[in-house]
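**Student:** Pasting model-v1.cif below, which is mmCIF, C-alpha atoms.
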data_work
#
loop_
_atom_site.label_atom_id
_atom_site.label_comp_id
_atom_site.auth_asym_id
_atom_site.auth_seq_id
_atom_site.Cartn_x
_atom_site.Cartn_y
_atom_site.Cartn_z
CA MET A 93 53.29 10.83 -17.18
CA VAL A 94 54.00 7.66 -19.06
CA SER A 95 51.10 6.17 -21.00
CA ALA A 96 50.79 2.43 -20.91
CA LYS A 97 50.59 0.72 -24.25
CA PRO A 98 47.68 -1.62 -24.72
CA PRO A 99 48.62 -5.25 -25.23
CA PRO A 100 49.15 -6.19 -28.87
CA VAL A 101 46.15 -7.65 -30.65
CA THR A 102 46.87 -11.12 -31.95
CA LEU A 103 45.22 -11.97 -35.22
CA PRO A 104 44.64 -15.56 -36.20
CA ASN A 105 47.17 -17.02 -38.56
CA ARG A 106 45.56 -16.69 -42.02
CA ARG A 107 47.00 -19.93 -43.33
CA ARG A 108 45.80 -21.89 -40.33
CA ALA A 109 42.32 -20.36 -40.64
CA LEU A 110 42.17 -21.15 -44.37
CA ARG A 111 43.31 -24.73 -43.78
CA SER A 112 40.73 -25.22 -41.03
CA GLY A 113 37.97 -23.81 -43.22
CA LEU A 114 39.01 -25.98 -46.16
CA ALA A 115 39.20 -29.11 -44.00
CA GLY A 116 35.76 -28.39 -42.52
CA GLY A 117 34.26 -27.79 -45.96
CA LEU A 118 35.73 -31.01 -47.34
CA ALA A 119 34.40 -32.94 -44.36
CA LEU A 120 30.90 -31.61 -45.06
CA LEU A 121 31.19 -32.52 -48.74
CA GLY A 122 32.25 -36.04 -47.81
CA ALA A 123 29.24 -36.40 -45.51
CA GLN A 124 26.90 -35.30 -48.29
CA ALA A 125 28.46 -37.72 -50.77
CA ARG A 126 27.96 -40.65 -48.39
CA ALA A 127 24.41 -39.63 -47.53
CA CYS A 128 23.05 -41.30 -50.67
CA GLU A 129 24.71 -44.68 -50.02
CA PHE A 130 23.01 -47.33 -47.92
CA PHE A 131 24.37 -50.81 -47.17
CA THR A 132 23.11 -54.28 -46.33
CA GLY A 133 25.31 -57.26 -45.63
CA THR A 134 24.98 -58.25 -49.29
CA LEU A 135 24.97 -55.03 -51.37
CA ARG A 136 25.06 -51.24 -51.64
CA VAL A 137 21.99 -49.12 -52.47
CA PHE A 138 23.06 -45.96 -54.28
CA HIS A 139 21.05 -42.73 -54.53
CA PRO A 140 17.32 -43.54 -54.27
CA TRP A 141 15.48 -40.65 -55.94
CA ALA A 142 12.20 -39.65 -57.55
CA ARG A 143 10.90 -36.68 -59.47
CA ALA A 144 8.62 -34.15 -57.80
CA THR A 145 4.94 -34.89 -58.36
CA LEU A 146 1.97 -32.71 -59.16
CA GLU A 147 -0.83 -32.31 -56.64
CA ASP A 148 -3.21 -34.73 -58.40
CA GLU A 149 -0.70 -37.52 -59.11
CA THR A 150 -1.30 -40.77 -57.25
CA THR A 151 1.90 -42.64 -58.18
CA ALA A 152 5.61 -41.84 -58.33
CA MET A 153 8.49 -43.59 -60.07
CA VAL A 154 11.53 -44.28 -57.86
CA PHE A 155 15.03 -44.90 -59.20
CA MET A 156 18.25 -46.20 -57.64
CA LYS A 157 21.19 -48.48 -58.24
CA PHE A 158 22.22 -51.70 -56.48
CA ASP A 159 25.91 -52.55 -56.76
CA GLU A 160 28.77 -54.18 -54.83
CA VAL A 161 26.50 -57.24 -54.73
CA ARG A 162 28.33 -60.04 -52.87
CA GLU A 163 25.44 -62.53 -52.82
CA ASP A 164 22.28 -63.05 -54.87
CA ASP A 165 19.46 -61.14 -53.20
CA ARG A 166 15.96 -59.80 -53.93
CA LEU A 167 14.16 -56.57 -53.16
CA VAL A 168 10.93 -57.93 -51.67
CA GLY A 169 9.34 -54.95 -49.97
CA VAL A 170 9.16 -51.18 -49.60
CA ARG A 171 7.76 -49.19 -46.68
CA THR A 172 7.31 -45.44 -46.62
CA MET A 173 4.91 -42.89 -45.18
CA LEU A 174 4.52 -41.51 -48.71
CA SER A 175 2.34 -44.30 -50.09
CA THR A 176 0.25 -47.31 -49.16
CA GLY A 177 2.08 -49.70 -51.48
CA ALA A 178 4.67 -50.22 -54.18
CA GLU A 179 5.34 -52.38 -57.22
CA ILE A 180 8.08 -53.10 -59.72
CA ALA A 181 7.11 -51.74 -63.14
CA GLY A 182 8.60 -50.77 -66.48
CA GLN A 183 9.86 -52.37 -69.66
CA GLY A 184 9.50 -56.14 -69.70
CA VAL A 185 8.09 -56.50 -66.18
CA LYS A 186 5.58 -59.34 -66.00
CA SER A 187 4.84 -59.38 -62.26
CA PRO A 188 1.31 -58.73 -60.99
CA GLY A 189 0.50 -55.19 -59.86
CA GLY A 190 1.23 -54.23 -56.28
CA VAL A 191 4.14 -56.69 -55.95
CA VAL A 192 7.75 -55.87 -55.13
CA ASP A 193 9.99 -58.74 -56.24
CA LEU A 194 13.22 -57.68 -57.93
CA PRO A 195 16.09 -60.16 -58.33
CA ILE A 196 19.53 -58.63 -57.70
CA PRO A 197 22.22 -60.98 -59.04
CA ARG A 198 25.64 -61.33 -57.41
CA GLY A 199 28.54 -59.52 -59.08
CA ARG A 200 26.33 -57.29 -61.25
CA THR A 201 24.90 -53.78 -61.04
CA THR A 202 21.10 -53.60 -61.12
CA GLU A 203 19.63 -50.21 -61.90
CA LEU A 204 16.10 -48.90 -61.54
CA SER A 205 15.90 -46.10 -64.12
CA GLU A 206 13.50 -43.84 -65.98
CA ASN A 207 14.16 -45.72 -69.22
CA GLY A 208 13.77 -49.25 -67.92
CA VAL A 209 12.54 -51.04 -64.83
CA TYR A 210 11.62 -48.85 -61.84
CA LEU A 211 9.88 -48.95 -58.48
CA ARG A 212 6.44 -47.34 -58.46
CA LEU A 213 4.94 -45.95 -55.25
CA LEU A 214 1.17 -46.45 -55.27
CA ASP A 215 -1.60 -44.33 -53.74
CA LEU A 216 0.59 -41.36 -52.78
CA GLN A 217 -0.42 -39.77 -49.50
CA TRP A 218 1.47 -36.51 -50.16
CA GLN A 219 2.84 -34.58 -53.09
CA LEU A 220 6.60 -35.16 -53.49
CA GLN A 221 8.24 -31.75 -53.29
CA VAL A 222 11.46 -30.63 -55.00
CA LEU A 223 14.65 -30.88 -52.93
CA ARG A 224 12.91 -32.68 -50.07
CA ALA A 225 13.99 -36.03 -48.67
CA TYR A 226 11.74 -38.71 -47.20
CA PRO A 227 12.40 -41.95 -45.26
CA LEU A 228 12.25 -45.12 -47.33
CA ASP A 229 12.66 -48.66 -45.95
CA LEU A 230 13.86 -51.20 -48.51
CA VAL A 231 13.35 -54.85 -47.54
CA PHE A 232 15.71 -57.46 -49.01
CA GLU A 233 15.27 -61.23 -48.84
CA LYS A 234 18.79 -61.87 -47.48
CA GLY A 235 20.12 -58.40 -46.63
CA GLY A 236 17.25 -57.42 -44.33
CA THR A 237 15.76 -53.94 -44.07
CA VAL A 238 17.70 -50.83 -45.06
CA LYS A 239 16.59 -47.44 -43.80
CA ALA A 240 17.29 -45.22 -46.80
CA THR A 241 16.45 -41.65 -47.78
CA LEU A 242 14.49 -40.85 -50.94
CA SER A 243 15.69 -37.59 -52.53
CA ILE A 244 13.27 -35.61 -54.68
CA ASP A 245 14.49 -34.01 -57.91
CA PHE A 246 12.86 -31.52 -60.27
CA PRO A 247 9.85 -32.73 -62.27
CA ARG A 248 10.37 -33.86 -65.84
CA SER A 249 9.91 -31.04 -68.34
CA ALA A 250 6.64 -31.00 -70.30
CA SER A 251 8.37 -31.10 -73.70
#
What's the structure tokens form of this structure?
**Tutor:**
Amino acid sequence: MVSAKPPPVTLPNRRRALRSGLAGGLALLGAQARACEFFTGTLRVFHPWARATLEDETTAMVFMKFDEVREDDRLVGVRTMLSTGAEIAGQGVKSPGGVVDLPIPRGRTTELSENGVYLRLLDLQWQLQVLRAYPLDLVFEKGGTVKATLSIDFPRSAS
């Protein structure tokens, strides 16, 4: 009696599998890199972020960068479920409390940072938790409304 041989098992080509995996991984990395860029017709908003807050904190400082500015514009409003209001604050800011009015000049980079001018969310409704992301609408005078994402980083160390 002649025994029939089973059909040969075909294994995937290792190089093809590695290339596919690498291409897929790079595509995911590219998507993550772009996730912190938001555009209007006049500028780019880069990486809006804040530090995690403690349970009893009622305000949060928000940081981001505005670049690729093709036309003078102004940040005139902020809407988020996280707070009931916002204001521009920091070194040298002379605007009344509870007002968002930040000039963004053409051809320059404007940065909201921990060591300078920043956006402050007022009357927080929730604690900002590490590694979470929350919706944030930024309203510009000429560029309109941008639906951005606010990323939450680790709290500042107590030292």
**Student:** Pick out the closest residue to Val191 (chain A) from this set: A:Val168, A:Val231, A:Met153, A:Met173. Count only C-alpha atoms.
**Tutor:** A:Val168
**Student:** Applying the PyMOL selection byres ((chain A and resi 140) around 7) to the file I just gave you, which residues come out? Please list them as a list in words.
**Tutor:**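 Against this file, the PyMOL selection byres ((chain A and resi 140) around 7) returns the residues Phe138, His139, Trp141, Val154, Phe155, Met156, Thr241, Leu242 and Ser243 of chain A.
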**Student:** With only C-alpha atoms as the atoms that count, which of A:Pro227, A:Gly182, A:Gly236, A:Pro195 lies nearest to Asn207 (chain A)?
**Tutor:** A:Gly182
**Student:** If the PyMOL selection byres ((chain A and resi 175) around 8) is run on the structure shown, which residues does it catch, given as number ranges by chain?
**Tutor:** A: 172-174, 176-178, 213-218
**Student:** Restricting the output to C-alpha atoms, write the selected residues as a tab-separated table (two decimals), in the frame of the given file.
**Tutor:**
chain	number	residue	atom	x	y	z
A	172	THR	CA	7.31	-45.44	-46.62
A	173	MET	CA	4.91	-42.89	-45.18
A	174	LEU	CA	4.52	-41.51	-48.71
A	176	THR	CA	0.25	-47.31	-49.16
A	177	GLY	CA	2.08	-49.70	-51.48
A	178	ALA	CA	4.67	-50.22	-54.18
A	213	LEU	CA	4.94	-45.95	-55.25
A	214	LEU	CA	1.17	-46.45	-55.27
A	215	ASP	CA	-1.60	-44.33	-53.74
A	216	LEU	CA	0.59	-41.36	-52.78
A	217	GLN	CA	-0.42	-39.77	-49.50
A	218	TRP	CA	1.47	-36.51	-50.16
**Student:** Please check which residues have atoms at most 12 Å from (26.6, -57.9, -65.4) in the file's coordinates, counting only C-alpha atoms, and write them as a list in words.
**Tutor:** Phe158, Asp159, Glu160, Val161, Ile196, Pro197, Arg198, Gly199, Arg200, Thr201, Thr202 and Glu203 of chain A
**Student:** What do you get, as a PyMOL selection string, if you spell out every residue that the PyMOL selection byres ((chain A and resi 144) around 8) selects here?
**Tutor:** chain A and resi 142-143+145-146+219-222+244-247
